[in-house]
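*Asks:* I'm passing along input.txt; it holds compact mmCIF, C-alpha atoms.
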# COMPACT_ATOMS: atom_id res chain seq x y z
CA MET A 15 -188.01 -56.94 122.13
CA ASN A 16 -185.72 -59.77 121.14
CA THR A 17 -183.43 -59.81 118.11
CA ALA A 18 -185.76 -61.94 115.97
CA GLN A 19 -188.72 -59.66 116.61
CA HIS A 20 -186.64 -56.60 115.81
CA ALA A 21 -185.34 -58.12 112.57
CA LEU A 22 -188.81 -59.21 111.49
CA GLY A 23 -190.16 -55.74 112.24
CA ARG A 24 -187.47 -54.19 110.03
CA ILE A 25 -188.20 -56.65 107.22
CA ARG A 26 -191.93 -55.93 107.50
CA ALA A 27 -191.33 -52.19 107.38
CA ASN A 28 -189.13 -52.56 104.30
CA LEU A 29 -191.73 -54.69 102.52
CA GLU A 30 -194.47 -52.18 103.35
CA ASN A 31 -192.32 -49.36 101.97
CA ASP A 32 -191.60 -51.35 98.81
CA LEU A 33 -195.30 -52.03 98.28
CA GLU A 34 -196.11 -48.35 98.77
CA ALA A 35 -193.48 -47.38 96.21
CA LEU A 36 -194.80 -49.97 93.76
CA ALA A 37 -198.26 -48.46 93.97
CA ARG A 38 -196.78 -45.48 92.13
CA ALA A 39 -194.65 -47.48 89.70
CA GLU A 40 -195.35 -49.87 86.87
CA HIS A 41 -194.48 -53.44 87.80
CA THR A 42 -196.07 -56.72 87.03
CA ARG A 43 -198.91 -57.89 89.21
CA GLY A 44 -196.88 -61.00 89.99
CA PHE A 45 -194.10 -58.93 91.51
CA ARG A 46 -196.52 -57.02 93.75
CA ARG A 47 -198.28 -60.26 94.67
CA GLY A 48 -194.94 -61.77 95.67
CA LEU A 49 -194.20 -58.81 97.92
CA ARG A 50 -197.65 -59.05 99.52
CA GLU A 51 -197.15 -62.78 100.13
CA ALA A 52 -193.75 -62.11 101.68
CA LEU A 53 -195.31 -59.46 103.90
CA THR A 54 -197.97 -61.95 105.01
CA ARG A 55 -195.33 -64.56 105.88
CA VAL A 56 -193.21 -62.06 107.80
CA THR A 57 -196.26 -60.90 109.75
CA GLU A 58 -197.09 -64.53 110.61
CA LEU A 59 -193.51 -65.10 111.80
CA GLU A 60 -193.66 -61.89 113.82
CA ASP A 61 -196.87 -63.04 115.52
CA ALA A 62 -195.45 -66.51 116.21
CA THR A 63 -192.25 -65.04 117.64
CA ALA A 64 -194.19 -62.65 119.86
CA ALA A 65 -196.37 -65.49 121.13
CA GLY A 66 -193.24 -67.43 122.07
Would you mind writing the file's structure down as structure tokens?

*Replies:*
Amino acid sequence: MNTAQHALGRIRANLENDLEALARAEHTRGFRRGLREALTRVTELEDATAAG
């Protein structure tokens, strides 16, 4: 696994953890939506990096 893939994997894991924590907390829908959008973008970058 290259450095970019590793970094993106860590970012994705952190975003997933944040979203899980927010499910139990009271935050605005916009904040959760922003995190979900960031997670989508990171996943797309991860896929693109893996594809080379």

*Asks:* Contacts of stretch 16-28 of chain A at 7 Å or less, counting only C-alpha atoms, minus same-chain residues fewer than 6 places along, as a short mmCIF file (atom, residue, chain, number, x, y, z; two decimals) with C-alpha atoms, keeping the file's coordinate frame?

*Replies:*
data_model
loop_
_atom_site.label_atom_id
_atom_site.label_comp_id
_atom_site.auth_asym_id
_atom_site.auth_seq_id
_atom_site.Cartn_x
_atom_site.Cartn_y
_atom_site.Cartn_z
CA LEU A 53 -195.31 -59.46 103.90
CA VAL A 56 -193.21 -62.06 107.80
CA THR A 57 -196.26 -60.90 109.75
CA GLU A 60 -193.66 -61.89 113.82
CA THR A 63 -192.25 -65.04 117.64
#

*Asks:* Please provide as a count of residues only all residues within 8 Å of stretch 39-52 of chain A, with the sequence filter that same-chain residues fewer than 5 positions apart are discarded (counting all atoms listed in the file).

*Replies:* 3

*Asks:* Around stretch 17-22 of chain A, fit a box with edges along x, y and z, padding it by 3 Å on each side, then list its centre and edge lengths in Å to one decimal as lines of an AutoDock Vina configuration file.

*Replies:*
center_x = -186.1
center_y = -59.3
center_z = 114.8
size_x = 11.4
size_y = 11.3
size_z = 12.6
